[in-house]
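**Q** Contents of model-v2.cif (mmCIF, C-alpha atoms and all ligand atoms) are below:
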data_run
loop_
_atom_site.label_atom_id
_atom_site.label_comp_id
_atom_site.auth_asym_id
_atom_site.auth_seq_id
_atom_site.Cartn_x
_atom_site.Cartn_y
_atom_site.Cartn_z
CA MET A 1 366.86 70.38 -80.47
CA GLN A 2 368.92 67.58 -78.92
CA LYS A 3 367.23 64.56 -77.37
CA ASP A 4 368.09 65.55 -73.80
CA GLN A 5 366.66 69.05 -74.30
CA TYR A 6 363.29 67.46 -75.09
CA TYR A 7 363.73 65.28 -72.03
CA ASP A 8 363.95 68.33 -69.78
CA LEU A 9 360.61 69.61 -71.07
CA VAL A 10 358.45 66.49 -70.84
CA SER A 11 356.46 65.55 -67.74
CA LYS A 12 357.94 63.43 -64.95
CA ARG A 13 355.59 60.65 -66.01
CA VAL A 14 357.13 60.54 -69.47
CA GLN A 15 360.67 61.00 -68.12
CA ARG A 16 360.31 58.00 -65.88
CA ASN A 17 359.86 55.69 -68.86
CA TRP A 18 361.92 57.68 -71.38
CA GLN A 19 364.25 54.75 -72.04
CA ALA A 20 361.62 52.03 -71.77
CA GLU A 21 360.73 50.03 -74.84
CA GLY A 22 357.45 50.97 -76.51
CA TYR A 23 354.42 48.72 -76.47
CA GLY A 24 354.90 45.87 -78.93
CA ALA A 25 358.66 45.53 -78.41
CA TRP A 26 358.00 41.79 -78.21
CA ARG A 27 357.40 41.80 -81.95
CA LYS A 28 361.17 42.09 -82.37
CA VAL A 29 361.55 38.33 -81.88
CA SER A 30 360.09 37.27 -85.19
CA ASN A 31 360.57 35.31 -88.35
CA PRO A 32 358.24 35.88 -91.31
CA GLU A 33 358.01 32.11 -91.87
CA ALA A 34 357.09 31.36 -88.25
CA VAL A 35 353.57 30.55 -87.10
CA PRO A 36 352.36 33.67 -85.23
CA LEU A 37 351.45 32.36 -81.80
CA ASN A 38 352.01 35.87 -80.41
CA PHE A 39 349.08 37.77 -81.97
CA GLY A 40 346.00 38.06 -79.78
CA PHE A 41 344.01 38.80 -82.94
CA PRO A 42 340.79 37.32 -84.32
CA TYR A 43 341.28 34.88 -87.20
CA PRO A 44 340.84 36.84 -90.45
CA THR A 45 337.89 34.85 -91.84
CA SER A 46 335.89 35.76 -88.71
CA TYR A 47 335.49 39.37 -89.90
CA PRO A 48 332.04 40.18 -91.35
CA PHE A 49 333.40 41.88 -94.49
CA GLU A 50 330.21 41.97 -96.51
CA GLU A 51 328.04 43.20 -93.66
CA LEU A 52 330.54 45.95 -92.87
CA ALA A 53 330.69 47.01 -96.52
CA SER A 54 326.90 47.34 -96.76
CA ALA A 55 326.81 49.01 -93.34
CA CYS A 56 329.07 51.84 -94.66
CA ALA A 57 326.48 52.71 -97.31
CA ALA A 58 323.61 52.30 -94.85
CA VAL A 59 325.17 54.80 -92.42
CA MET A 60 325.40 57.51 -95.10
CA GLU A 61 321.91 56.81 -96.32
CA GLU A 62 320.28 56.72 -92.90
CA ASP A 63 322.15 59.40 -90.99
CA GLY A 64 323.37 61.61 -93.87
CA ALA A 65 325.40 64.62 -92.71
CA ASP A 66 324.59 63.83 -89.06
CA ALA A 67 326.87 60.80 -89.30
CA LEU A 68 329.81 63.13 -89.91
CA LYS A 69 329.26 65.79 -87.27
CA TYR A 70 330.91 65.91 -83.85
CA GLY A 71 329.13 63.36 -81.70
CA GLY A 72 327.65 61.56 -84.73
CA GLY A 73 324.00 60.87 -85.55
CA PRO A 74 321.19 58.56 -84.41
CA LEU A 75 322.99 55.37 -85.44
CA ALA A 76 325.96 56.14 -83.16
CA ALA A 77 323.53 56.60 -80.28
CA LYS A 78 321.85 53.34 -81.30
CA MET A 79 325.10 51.43 -80.88
CA ASP A 80 325.43 52.77 -77.35
CA ARG A 81 321.93 51.49 -76.58
CA MET A 82 322.76 48.11 -78.15
CA ILE A 83 325.75 47.77 -75.87
CA ALA A 84 323.72 48.80 -72.82
CA ASP A 85 321.06 46.22 -73.75
CA ARG A 86 323.65 43.48 -74.19
CA CYS A 87 325.13 44.28 -70.77
CA LYS A 88 321.65 44.18 -69.24
CA GLU A 89 321.02 40.78 -70.85
CA ARG A 90 324.17 39.64 -69.06
CA GLY A 91 322.70 40.70 -65.72
CA MET A 92 324.30 44.11 -65.31
CA ASN A 93 322.52 47.30 -64.31
CA VAL A 94 323.17 50.09 -66.76
CA GLY A 95 321.61 53.35 -65.60
CA ASP A 96 321.59 56.55 -67.65
CA ASP A 97 325.01 57.81 -66.56
CA GLU A 98 326.60 54.42 -66.14
CA LEU A 99 327.90 53.77 -69.67
CA LEU A 100 330.89 55.34 -71.38
CA ILE A 101 332.11 54.42 -74.88
CA THR A 102 335.88 54.46 -75.22
CA SER A 103 338.43 54.04 -77.97
CA GLY A 104 338.91 50.32 -77.31
CA SER A 105 339.05 48.94 -73.80
CA ALA A 106 342.74 49.89 -73.82
CA GLN A 107 341.62 53.50 -73.39
CA ALA A 108 339.35 52.51 -70.51
CA ILE A 109 342.36 50.88 -68.82
CA SER A 110 344.52 54.02 -69.16
CA LEU A 111 341.64 56.15 -67.89
CA ALA A 112 341.27 53.92 -64.83
CA ALA A 113 344.96 54.40 -64.08
CA GLU A 114 344.57 58.17 -64.38
CA LEU A 115 341.40 58.14 -62.34
CA PHE A 116 342.83 56.34 -59.32
CA LEU A 117 346.59 56.43 -59.13
CA ASN A 118 348.74 58.91 -57.21
CA GLU A 119 352.46 58.64 -56.60
CA GLY A 120 353.19 56.00 -53.96
CA ASP A 121 349.82 54.26 -54.26
CA THR A 122 349.45 50.50 -54.36
CA MET A 123 347.26 48.42 -56.67
CA LEU A 124 346.59 44.74 -57.38
CA VAL A 125 346.59 42.66 -60.54
CA GLU A 126 346.36 38.97 -61.29
CA GLY A 127 349.66 37.16 -61.80
CA PRO A 128 349.98 36.84 -64.75
CA THR A 129 348.03 39.68 -66.36
CA PHE A 130 347.63 41.50 -69.70
CA MET A 131 350.89 43.24 -70.62
CA GLY A 132 349.09 46.22 -72.20
CA ALA A 133 347.32 46.96 -68.92
CA LEU A 134 350.56 46.54 -66.98
CA LYS A 135 352.20 49.09 -69.24
CA SER A 136 349.42 51.61 -68.57
CA PHE A 137 349.72 51.09 -64.83
CA GLN A 138 353.52 51.20 -64.89
CA ASP A 139 353.36 54.66 -66.43
CA HIS A 140 352.36 55.75 -62.92
CA PRO A 141 354.76 55.78 -59.94
CA VAL A 142 352.92 53.12 -57.96
CA ASP A 143 353.62 49.68 -56.49
CA ILE A 144 351.83 46.92 -58.40
CA TYR A 145 351.28 43.58 -56.65
CA ALA A 146 350.44 40.50 -58.73
CA ILE A 147 348.44 37.80 -56.96
CA GLU A 148 348.86 34.36 -58.41
CA GLY A 149 345.98 32.53 -60.05
CA ASP A 150 345.14 28.85 -60.48
CA ASP A 151 342.39 27.01 -62.38
CA ASP A 152 339.79 28.92 -60.32
CA GLY A 153 341.30 32.31 -61.01
CA VAL A 154 343.01 34.61 -58.54
CA LYS A 155 343.85 33.01 -55.18
CA THR A 156 341.66 34.95 -52.80
CA ASP A 157 343.43 33.64 -49.69
CA ASP A 158 346.68 35.12 -50.97
CA MET A 159 344.79 38.27 -51.79
CA GLU A 160 343.46 38.53 -48.27
CA GLN A 161 346.93 38.08 -46.76
CA LEU A 162 348.35 40.77 -48.98
CA LEU A 163 345.47 43.10 -48.16
CA GLN A 164 346.09 42.61 -44.44
CA LYS A 165 349.77 43.40 -44.92
CA LEU A 166 349.23 46.48 -47.09
CA SER A 167 346.54 47.81 -44.75
CA SER A 168 348.73 47.35 -41.69
CA GLU A 169 351.43 49.34 -43.49
CA GLY A 170 348.90 52.09 -44.24
CA ARG A 171 349.11 51.42 -48.01
CA PRO A 172 345.80 49.79 -48.95
CA PRO A 173 345.35 49.31 -52.72
CA LYS A 174 343.21 51.66 -54.79
CA PHE A 175 341.96 48.99 -57.15
CA PHE A 176 342.26 45.41 -58.32
CA TYR A 177 342.51 44.90 -62.08
CA SER A 178 341.10 41.52 -63.05
CA ILE A 179 340.40 39.57 -66.24
CA PRO A 180 337.96 37.12 -64.67
CA ASN A 181 337.01 35.33 -67.89
CA PHE A 182 339.79 33.51 -69.78
CA ASN A 183 342.62 35.59 -68.38
CA ASN A 184 345.12 36.99 -70.83
CA PRO A 185 347.64 35.30 -70.81
CA ALA A 186 346.90 32.26 -68.62
CA GLY A 187 343.40 31.37 -69.81
CA PHE A 188 342.06 30.79 -66.28
CA THR A 189 338.55 31.83 -65.21
CA MET A 190 337.57 33.04 -61.76
CA SER A 191 335.07 30.71 -60.07
CA LEU A 192 331.78 32.06 -58.75
CA GLU A 193 332.93 31.57 -55.17
CA ARG A 194 336.08 33.58 -55.77
CA ARG A 195 334.14 36.33 -57.56
CA GLN A 196 331.99 36.68 -54.47
CA ARG A 197 335.03 36.63 -52.21
CA VAL A 198 336.80 39.34 -54.24
CA LEU A 199 333.72 41.56 -53.85
CA GLU A 200 333.60 40.90 -50.10
CA LEU A 201 337.27 41.81 -49.80
CA ALA A 202 336.71 44.95 -51.89
CA GLU A 203 334.00 45.98 -49.45
CA GLN A 204 336.09 45.12 -46.39
CA TYR A 205 339.29 46.81 -47.59
CA ASN A 206 337.62 49.60 -49.56
CA PHE A 207 339.00 49.19 -53.05
CA ILE A 208 337.50 49.25 -56.55
CA VAL A 209 337.39 46.20 -58.82
CA VAL A 210 338.21 46.88 -62.46
CA GLU A 211 336.75 43.99 -64.44
CA ASP A 212 338.26 43.65 -67.91
CA ASP A 213 335.88 41.37 -69.79
CA ALA A 214 337.46 41.53 -73.25
CA TYR A 215 336.86 37.78 -73.79
CA GLY A 216 333.65 37.32 -71.75
CA GLU A 217 331.44 36.54 -74.78
CA LEU A 218 333.87 33.92 -76.04
CA ARG A 219 333.12 30.90 -73.88
CA TYR A 220 333.02 27.71 -75.95
CA GLU A 221 332.88 25.17 -73.14
CA GLY A 222 331.18 25.04 -69.72
CA GLU A 223 328.68 27.45 -68.20
CA ASP A 224 328.78 31.23 -68.31
CA LEU A 225 329.38 32.84 -64.92
CA PRO A 226 327.92 36.16 -63.83
CA THR A 227 330.21 39.13 -64.34
CA LEU A 228 331.63 40.81 -61.25
CA ARG A 229 329.52 43.83 -62.16
CA ALA A 230 326.38 41.66 -62.17
CA LEU A 231 327.24 40.51 -58.62
CA ASP A 232 328.22 43.98 -57.46
CA GLU A 233 325.86 45.00 -54.66
CA GLY A 234 328.22 47.61 -53.23
CA ASP A 235 328.60 49.52 -56.55
CA ARG A 236 332.37 48.99 -56.61
CA VAL A 237 332.95 47.41 -60.01
CA LEU A 238 334.00 49.14 -63.21
CA HIS A 239 333.27 46.69 -66.01
CA PHE A 240 335.13 47.05 -69.33
CA GLY A 241 334.02 45.45 -72.60
CA SER A 242 335.33 45.51 -76.17
CA MET A 243 334.26 44.99 -79.78
CA SER A 244 337.81 43.96 -80.70
CA LYS A 245 337.45 40.22 -80.21
CA ILE A 246 333.82 39.82 -81.29
CA LEU A 247 333.81 42.14 -84.33
CA ALA A 248 337.23 43.58 -85.26
CA PRO A 249 340.02 45.32 -83.32
CA ALA A 250 340.25 48.13 -85.89
CA VAL A 251 336.83 49.50 -84.92
CA ARG A 252 338.45 50.64 -81.64
CA ILE A 253 335.24 50.45 -79.65
CA GLY A 254 335.29 49.63 -75.98
CA TRP A 255 333.00 50.51 -73.09
CA VAL A 256 332.83 51.08 -69.37
CA VAL A 257 329.84 50.22 -67.22
CA GLY A 258 330.01 51.21 -63.58
CA PRO A 259 329.09 53.62 -60.81
CA ALA A 260 327.84 56.90 -62.34
CA ALA A 261 330.18 59.04 -60.21
CA LEU A 262 333.25 57.23 -61.57
CA VAL A 263 332.00 56.92 -65.14
CA GLN A 264 331.42 60.68 -65.23
CA GLN A 265 334.95 61.38 -64.03
CA MET A 266 336.37 59.03 -66.67
CA GLU A 267 334.39 60.92 -69.30
CA ARG A 268 335.84 64.21 -68.05
CA LEU A 269 339.38 62.81 -68.27
CA LYS A 270 338.76 61.69 -71.83
CA SER A 271 338.00 65.14 -73.31
CA ASP A 272 338.10 63.88 -76.92
CA GLY A 273 334.62 64.84 -78.09
CA GLY A 274 333.35 61.25 -77.88
CA SER A 275 334.90 58.08 -79.23
CA ASN A 276 334.62 57.22 -82.92
CA PRO A 277 330.99 58.26 -83.65
CA LEU A 278 331.23 57.31 -87.32
CA ILE A 279 332.49 53.83 -86.49
CA ARG A 280 329.83 53.50 -83.80
CA ALA A 281 327.22 54.16 -86.49
CA LEU A 282 328.89 51.56 -88.68
CA VAL A 283 328.84 49.01 -85.88
CA ALA A 284 325.14 49.70 -85.21
CA ALA A 285 324.28 49.24 -88.89
CA CYS A 286 326.37 46.07 -89.12
CA TRP A 287 325.11 44.61 -85.82
CA GLY A 288 321.55 45.44 -86.92
CA SER A 289 321.97 43.45 -90.11
CA ILE A 290 323.23 40.22 -88.55
CA ASP A 291 322.02 37.84 -85.89
CA VAL A 292 324.55 38.58 -83.16
CA ASN A 293 323.90 35.36 -81.28
CA GLU A 294 324.39 33.34 -84.46
CA ARG A 295 327.62 35.16 -85.14
CA LEU A 296 328.88 34.49 -81.64
CA ILE A 297 328.07 30.78 -81.97
CA GLU A 298 330.02 30.68 -85.21
CA ILE A 299 333.14 32.44 -83.97
CA ARG A 300 333.15 30.55 -80.68
CA SER A 301 333.28 27.36 -82.67
CA GLY A 302 336.19 28.77 -84.71
CA TYR A 303 338.12 29.47 -81.50
CA ARG A 304 337.23 26.13 -79.96
CA MET A 305 338.58 24.34 -83.02
CA ARG A 306 341.83 26.28 -82.68
CA ARG A 307 342.10 25.64 -78.96
CA ASP A 308 341.55 21.92 -79.55
CA ALA A 309 344.24 21.87 -82.23
CA ALA A 310 346.64 23.55 -79.78
CA LEU A 311 345.82 21.13 -76.94
CA GLU A 312 346.23 18.12 -79.19
CA ALA A 313 349.58 19.35 -80.52
CA LEU A 314 350.84 20.06 -77.00
CA GLU A 315 349.82 16.58 -75.91
CA THR A 316 351.56 15.03 -78.91
CA TYR A 317 354.80 16.99 -79.06
CA MET A 318 355.67 18.54 -75.70
CA PRO A 319 358.38 16.80 -73.67
CA ASP A 320 357.77 15.40 -70.18
CA GLY A 321 357.92 17.91 -67.36
CA CYS A 322 355.99 20.63 -69.21
CA SER A 323 352.41 21.56 -68.39
CA TRP A 324 349.79 23.91 -69.81
CA SER A 325 346.40 25.41 -69.04
CA ARG A 326 343.14 24.28 -70.64
CA PRO A 327 340.99 27.39 -71.16
CA GLU A 328 337.24 27.12 -71.65
CA GLY A 329 337.16 30.23 -73.81
CA GLY A 330 339.17 33.15 -75.08
CA TYR A 331 342.43 33.20 -77.01
CA PHE A 332 345.29 31.99 -74.83
CA LEU A 333 347.13 29.02 -73.37
CA TRP A 334 349.85 29.25 -70.73
CA VAL A 335 352.72 26.81 -70.91
CA THR A 336 355.04 26.06 -67.98
CA VAL A 337 358.45 24.48 -68.58
CA PRO A 338 360.72 22.88 -65.94
CA ASP A 339 362.60 25.36 -63.78
CA THR A 340 365.94 24.28 -65.21
CA LEU A 341 364.97 26.18 -68.35
CA ASP A 342 364.55 29.92 -68.93
CA ALA A 343 361.82 30.08 -71.57
CA THR A 344 362.53 33.73 -72.37
CA GLU A 345 366.10 32.95 -73.37
CA ILE A 346 365.12 30.41 -76.00
CA LEU A 347 362.50 32.61 -77.71
CA PRO A 348 364.79 33.59 -80.63
CA GLU A 349 365.61 29.93 -81.21
CA ILE A 350 361.93 29.01 -81.15
CA ALA A 351 361.20 31.80 -83.65
CA GLU A 352 363.99 30.50 -85.88
CA ALA A 353 362.49 27.00 -85.67
CA GLY A 354 359.08 28.29 -86.76
CA ALA A 355 356.88 29.68 -83.95
CA THR A 356 356.55 32.92 -82.02
CA PRO A 357 355.02 32.37 -78.58
CA LEU A 358 355.54 35.18 -76.07
CA GLY A 359 357.77 34.88 -73.02
CA GLY A 360 356.02 34.89 -69.64
CA THR A 361 358.02 37.69 -68.01
CA MET A 362 356.13 40.51 -69.71
CA PHE A 363 352.92 39.47 -67.94
CA PHE A 364 354.21 40.15 -64.42
CA PRO A 365 355.19 43.43 -62.75
CA ASP A 366 358.03 41.56 -61.00
CA ASP A 367 360.59 38.93 -62.00
CA ARG A 368 358.21 35.98 -62.36
CA GLY A 369 357.34 34.26 -65.64
CA ARG A 370 360.71 32.88 -66.74
CA GLN A 371 359.32 29.35 -66.98
CA ASN A 372 356.26 30.44 -68.95
CA LEU A 373 355.16 30.98 -72.52
CA ARG A 374 351.90 32.46 -73.78
CA LEU A 375 350.47 30.75 -76.83
CA SER A 376 347.76 32.59 -78.68
CA PHE A 377 345.74 30.18 -80.81
CA SER A 378 343.16 32.72 -82.02
CA PHE A 379 344.79 33.77 -85.28
CA PRO A 380 346.42 30.90 -87.26
CA ASP A 381 344.61 28.02 -88.92
CA PRO A 382 344.55 24.75 -86.92
CA SER A 383 347.16 23.07 -89.17
CA GLU A 384 349.48 26.03 -88.69
CA ILE A 385 348.98 25.85 -84.93
CA GLU A 386 350.13 22.25 -85.02
CA ARG A 387 353.22 23.12 -87.06
CA GLY A 388 354.10 25.97 -84.69
CA ILE A 389 353.68 23.97 -81.51
CA ARG A 390 355.70 21.10 -82.91
CA ALA A 391 358.58 23.47 -83.74
CA MET A 392 358.40 25.04 -80.28
CA ALA A 393 358.29 21.66 -78.53
CA GLU A 394 361.37 20.42 -80.39
CA VAL A 395 363.41 23.41 -79.24
CA ILE A 396 362.24 23.01 -75.64
CA GLU A 397 363.08 19.29 -75.69
CA LYS A 398 366.58 20.03 -76.95
CA HIS A 399 367.21 22.25 -73.94
CA LEU A 400 365.94 19.90 -71.23
C1 LIG A 501 342.58 41.52 -71.52
C2 LIG A 501 342.58 42.57 -72.57
N1 LIG A 501 342.08 43.76 -72.28
C3 LIG A 501 342.06 44.75 -73.19
C4 LIG A 501 342.59 44.57 -74.45
C5 LIG A 501 342.58 45.71 -75.40
O1 LIG A 501 341.47 45.62 -76.19
P1 LIG A 501 340.94 46.77 -77.12
O2 LIG A 501 341.24 46.36 -78.50
O3 LIG A 501 339.47 46.84 -76.83
O4 LIG A 501 341.61 48.05 -76.74
C6 LIG A 501 343.12 43.33 -74.80
C7 LIG A 501 343.70 43.13 -76.12
O5 LIG A 501 344.35 42.19 -76.44
C8 LIG A 501 343.12 42.30 -73.82
O6 LIG A 501 343.64 41.10 -74.07
#
Is it possible to express this structure as structure tokens?
**A**
Amino acid sequence: MQKDQYYDLVSKRVQRNWQAEGYGAWRKVSNPEAVPLNFGFPYPTSYPFEELASACAAVMEEDGADALKYGGGPLAAKMDRMIADRCKERGMNVGDDELLITSGSAQAISLAAELFLNEGDTMLVEGPTFMGALKSFQDHPVDIYAIEGDDDGVKTDDMEQLLQKLSSEGRPPKFFYSIPNFNNPAGFTMSLERRQRVLELAEQYNFIVVEDDAYGELRYEGEDLPTLRALDEGDRVLHFGSMSKILAPAVRIGWVVGPAALVQQMERLKSDGGSNPLIRALVAACWGSIDVNERLIEIRSGYRMRRDAALEALETYMPDGCSWSRPEGGYFLWVTVPDTLDATEILPEIAEAGATPLGGTMFFPDDRGRQNLRLSFSFPDPSEIERGIRAMAEVIEKHL
């Protein structure tokens, strides 16, 4: 068959993005020698190799053939309870039908898009926001509005204005997708006051809040804030969590906690026989054999060290006129260059010089982000981070 004959057979949803680049197209700007400031990955020595190796044997011993059947055995169910307990410790209600395990939080994001979005709908995101989520939303024929954030997270006054406008046009948004803790890519965190305001606005304008808390357990400075779900008196928040950043991305374990009626519909949409029961058992056995709080303290300190190395290098090498965020947790820093410079255009040159930050444009649904770069400091060693930032800063300086 010819390519266009396939095109005629696929759904409109696939046709709409037939020519679009696949997820990860940003990896094309690369150089094997460059410091990878693009990967939002854990640093390799943070993985609990030995515990995972012993957990494999423990799963087979404890659950036997049950571990390998559809749905898995008792250990898989134990992991679900461990997650529910952890969410409860963080102040969230988790009733019987209010938890769904997904294949990474990425699946939860796609399910939310399927759950809510019809052609012509509107929805809200933070500006900037996670490019993977944007891609899932952009697969649907909807209008996505990005509301700018500052050091206190999304600007709720701007949000209110936009809500008034969309409501008066008869196009109120279905949901607001937020990364309230250590936003990917900007690193900002929503203040308590703004969390409360978002929930008030959700009540007033009747939309759902999708809280993506992929980095919530990775605060290494300042005080933890309650999750939106913990503050959610109107039962309007779908909270998403992930094992990717606290254990390992390859386990592909994420979760949804939220109103039972919505969680049940997400489960129906999933129709995959349950996510990764064998790996869930492995996670339960591994989590059971370590002190989770100790582990979190250790990896937070690994990320803090990397963030500090990045901040110090930026301070030392970046030319005047540039600024950057100072996250209190998570993986990312957001650099802003003067508006005489298009940061996206110099990415290949920066890669050639020895670093691969990501350009800001992929984090907006519109044409913003040209003066921005996302630096992920989670993966390389601190000395490498310094080398990468120095290389990047020299290229930027040359262009100013
Ligand atoms: C904000 C955010 N949400 C979700 C994900 C996807 O995570 P998972 O590995 O759980 O699918 C990522 C991954 O980088 C992320 O940064």
**Q** Fewer than 6 positions away in the same chain doesn't count, so skip those; otherwise give me all residues within 10 Å of A:Ile83, counting only C-alpha atoms, as a list in words.
**A**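 Final neighbour list, sorted by chain and number: Glu89, Val94, Leu99, Ile101, Gly241, Ser242, Met243, Gly254, Trp255, Val257 and Ala284 of chain A.
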**Q** Provide the atom CA of A:Arg219 to atom CA of A:Gly321 distance in Å, to one decimal place.
**A**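 Distance between the two atoms: 28.7 Å.
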**Q** For stretch 292-303 of chain A, find every residue with an atom within 8 Å (counting only C-alpha atoms), except residues of its own chain fewer than 2 positions away, and show them as a ChimeraX atom specification.
**A** /A:46,217-220,246,287,290,305-307,329-331,377-378
**Q** For ligand LIG 501 (chain A), collect every residue having any atom at a distance of at most 9 Å from a ligand atom (counting all atoms listed in the file); output as an MDAnalysis selection string.
**A** chainID A and resid 39:41 102:109 129:133 178:179 182:185 212:215 240:245 248:255 331
**Q** What's the 8 Å shell around A:Pro172, counting all atoms listed in the file, without same-chain residues fewer than 6 positions away, as a VMD selection string?
**A** chain A and resid 122 to 123 163 166 205 207
**Q** Please determine, counting all atoms listed in the file, which residue among A:Glu233, A:Asp157, A:Glu211, A:Glu223 has the shortest atom-to-atom distance to A:Val125.
**A** A:Glu211
**Q** So, with only C-alpha atoms as the atoms that count, which of A:Met79, A:Ile279, A:Val335, A:Val210 lies closest to A:Ser110?
**A** A:Val210
**Q** Provide the atom CA of A:Gly273 to atom CA of A:Ala261 distance in Å, to one decimal place.
**A**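 Atom-to-atom, atom CA of A:Gly273 to atom CA of A:Ala261, that is 19.3 Å.
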**Q** A:Met1, A:Leu375, A:Leu75, A:Ala343: which is nearest A:Ala58, counting only C-alpha atoms?
**A**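 Under the stated criterion, the closest residue is A:Leu75.
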**Q** Give me the residues near A:Arg368 as number ranges by chain, where near means some atom within 10 Å (using all atoms listed in the file) and where sequence neighbours in that chain fewer than 4 positions away do not count.
**A** A: 127-128, 146, 360-364, 372
**Q** May I ask which of the residues A:Thr45, A:Ser191, A:Ser275, A:Asn17 is the closest one to A:Asp80, counting only C-alpha atoms?
**A**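 Using only C-alpha atoms, the shortest distance to A:Asp80 belongs to A:Ser275.
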**Q** How far is it from atom CA of A:Pro327 to atom CA of A:Ile385, in Å with one decimal?
**A**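 So the two atoms, atom CA of A:Pro327 and atom CA of A:Ile385, lie 16.0 Å apart.
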**Q** Write out as a list in words which residues come within 10 Å of A:Leu162 when counting only C-alpha atoms, dropping same-chain ones fewer than 2 positions away.
**A** Leu124, Tyr145, Ala146, Ile147, Thr156, Asp157, Asp158, Met159, Glu160, Gln164, Lys165, Leu166, Ser167, Ser168, Pro172 and Pro173 of chain A
**Q** My list of candidates is A:Val59, A:Leu314, A:Met92, A:Ala65. Which is closest to A:Asp232 when distances are computed with all atoms listed in the file?
**A**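 Going through A:Val59, A:Leu314, A:Met92, A:Ala65 one by one, the smallest distance to A:Asp232 is for A:Met92.
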**Q** Calculated over all atoms listed in the file, which of the candidates A:Leu341, A:Ala77, A:Met190, A:Val395 has the smallest distance to A:Val283?
**A**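 Smallest distance to A:Val283 is found for A:Ala77.
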**Q** To box stretch 308-324 of chain A, take all atoms listed in the file, fit an axis-aligned box, add 8 Å on each side, and give centre and edge lengths in Å to one decimal, as JSON.
**A**
{"center_x": 350.0, "center_y": 19.5, "center_z": -74.8, "size_x": 32.8, "size_y": 24.9, "size_z": 30.9}
**Q** Using the atoms already present, construct N, CA and C atoms for stretch 211-224 of chain A and hand them back as a PDB file, in the frame of the given file.
**A**
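Writing done, so here's out.pdb:
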ATOM      1  N   GLU A 211     337.002  45.284 -63.786  1.00  0.00           N
ATOM      2  CA  GLU A 211     336.750  43.990 -64.440  1.00  0.00           C
ATOM      3  C   GLU A 211     336.938  44.147 -65.941  1.00  0.00           C
ATOM      4  N   ASP A 212     337.994  43.572 -66.473  1.00  0.00           N
ATOM      5  CA  ASP A 212     338.260  43.650 -67.910  1.00  0.00           C
ATOM      6  C   ASP A 212     337.708  42.370 -68.548  1.00  0.00           C
ATOM      7  N   ASP A 213     336.592  42.543 -69.270  1.00  0.00           N
ATOM      8  CA  ASP A 213     335.880  41.370 -69.790  1.00  0.00           C
ATOM      9  C   ASP A 213     336.028  41.253 -71.313  1.00  0.00           C
ATOM     10  N   ALA A 214     337.228  41.520 -71.802  1.00  0.00           N
ATOM     11  CA  ALA A 214     337.460  41.530 -73.250  1.00  0.00           C
ATOM     12  C   ALA A 214     337.043  40.211 -73.923  1.00  0.00           C
ATOM     13  N   TYR A 215     337.118  39.098 -73.171  1.00  0.00           N
ATOM     14  CA  TYR A 215     336.860  37.780 -73.790  1.00  0.00           C
ATOM     15  C   TYR A 215     335.569  37.128 -73.270  1.00  0.00           C
ATOM     16  N   GLY A 216     334.803  37.888 -72.470  1.00  0.00           N
ATOM     17  CA  GLY A 216     333.650  37.320 -71.750  1.00  0.00           C
ATOM     18  C   GLY A 216     332.616  36.645 -72.643  1.00  0.00           C
ATOM     19  N   GLU A 217     332.464  37.127 -73.887  1.00  0.00           N
ATOM     20  CA  GLU A 217     331.440  36.540 -74.780  1.00  0.00           C
ATOM     21  C   GLU A 217     332.000  35.348 -75.547  1.00  0.00           C
ATOM     22  N   LEU A 218     333.239  34.983 -75.246  1.00  0.00           N
ATOM     23  CA  LEU A 218     333.870  33.920 -76.040  1.00  0.00           C
ATOM     24  C   LEU A 218     334.072  32.630 -75.254  1.00  0.00           C
ATOM     25  N   ARG A 219     333.055  32.202 -74.544  1.00  0.00           N
ATOM     26  CA  ARG A 219     333.120  30.900 -73.880  1.00  0.00           C
ATOM     27  C   ARG A 219     332.636  29.840 -74.859  1.00  0.00           C
ATOM     28  N   TYR A 220     333.456  28.787 -75.045  1.00  0.00           N
ATOM     29  CA  TYR A 220     333.020  27.710 -75.950  1.00  0.00           C
ATOM     30  C   TYR A 220     332.925  26.374 -75.234  1.00  0.00           C
ATOM     31  N   GLU A 221     333.045  26.405 -73.922  1.00  0.00           N
ATOM     32  CA  GLU A 221     332.880  25.170 -73.140  1.00  0.00           C
ATOM     33  C   GLU A 221     332.437  25.571 -71.727  1.00  0.00           C
ATOM     34  N   GLY A 222     331.604  24.748 -71.089  1.00  0.00           N
ATOM     35  CA  GLY A 222     331.180  25.040 -69.720  1.00  0.00           C
ATOM     36  C   GLY A 222     330.113  26.116 -69.662  1.00  0.00           C
ATOM     37  N   GLU A 223     329.791  26.517 -68.426  1.00  0.00           N
ATOM     38  CA  GLU A 223     328.680  27.450 -68.200  1.00  0.00           C
ATOM     39  C   GLU A 223     329.177  28.864 -67.996  1.00  0.00           C
ATOM     40  N   ASP A 224     328.453  29.829 -68.571  1.00  0.00           N
ATOM     41  CA  ASP A 224     328.780  31.230 -68.310  1.00  0.00           C
ATOM     42  C   ASP A 224     328.626  31.548 -66.825  1.00  0.00           C
TER      43      ASP A 224
END
